[in-house]
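So the structure is just underneath, and the comments pick up after that.
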Amino acid sequence: MSWQDFVTISPLVAGILTAAAILIVDLIRPARPAIAVAVALIGLTVTGGLALVVGGGATPVTAFGGAYRVDALTTFLDVLFVAAIALTIAFGPDYLIPRRLPVAEFASI
């Protein structure tokens, strides 16, 4: 296990840390959906940026002895899914708040 392995999986780690940060912020400031959405969107921006940085090279990158591979297709799909998740989280409170459903838990999942 090398430092390059951890750099390669940094978008995945950033996504997990974003979910944890949303829940922690909701613990500190409960019932504030705007803060949870803001933390989610900031975290997703960082995750998407890391995905572009890690997968932006011309050659595929592998980690953990080839068990994890990042190439142009996985980078494109990562950014596409992060954008879809960001839009879902941005528009989610309009549905969730009138029904008294938790926004932070929705965003973290």
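In the structure tokens, chains take the letters A, B, ... in the order shown, each chain's residues start at 1, and ligands count up from 1 in the order shown.
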For the helix (DSSP H, G or I) assignment from backbone DSSP, which residues of chain A qualify? Please present them as a ChimeraX atom specification. /A:3-8,10-28,33-55,72-99,103-108
Name all residues at most 7 Å from stretch 73-84 of chain A (count only C-alpha atoms; drop same-chain ones fewer than 4 positions away) and give them as an NGL selection string. :A and (44 or 48 or 51-52 or 55 or 88)
Only C-alpha atoms, please: the residues just picked out, written as a PDB file, in the first residue's frame.
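Dumped everything to part_1.pdb:
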ATOM      1  CA  LEU A  44     -19.721  16.886  -4.003  1.00  0.00           C
ATOM      2  CA  GLY A  48     -15.958  15.789  -8.553  1.00  0.00           C
ATOM      3  CA  ALA A  51     -12.222  12.669  -9.707  1.00  0.00           C
ATOM      4  CA  LEU A  52     -11.117  14.968 -12.515  1.00  0.00           C
ATOM      5  CA  GLY A  55      -8.473  10.504 -13.722  1.00  0.00           C
ATOM      6  CA  THR A  88     -30.998  15.509  -6.771  1.00  0.00           C
TER       7      THR A  88
END
For the contact check between stretch 60-94 of chain A and stretch 100-105 of chain A, emit one row per residue of stretch 60-94 of chain A within 9 Å, containing the shortest atom pair and the distance in Å rounded to one decimal, counting only C-alpha atoms, chain then rising number order, as a tab-separated table.
residue	atom	partner	partner_atom	distance
A:Ile89	CA	A:Val103	CA	8.5
A:Gly92	CA	A:Val103	CA	7.6
A:Pro93	CA	A:Val103	CA	6.3
For atom CA of A:Ile85 and atom CA of A:Ala63, quote the distance in Å rounded to one decimal. 25.3 Å
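Here atom CA of A:Thr45 stands at a distance of 23.1 Å from atom CA of A:Thr62.
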Could you pull out the strand (DSSP E or B) residues of chain A from DSSP and send them as a ChimeraX atom specification? /A:61-63,68-70
Next, dump the selected residues to file, keeping only C-alpha atoms, as a PDB file, in the first residue's frame.
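Output (again-v5.pdb):
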ATOM      1  CA  VAL A  61      -4.185   4.667 -12.959  1.00  0.00           C
ATOM      2  CA  THR A  62      -4.366   1.571 -10.777  1.00  0.00           C
ATOM      3  CA  ALA A  63      -4.321   1.115  -7.029  1.00  0.00           C
ATOM      4  CA  TYR A  68      -8.935  -0.503  -8.400  1.00  0.00           C
ATOM      5  CA  ARG A  69      -8.525   1.156 -11.791  1.00  0.00           C
ATOM      6  CA  VAL A  70      -9.280   4.696 -12.939  1.00  0.00           C
TER       7      VAL A  70
END
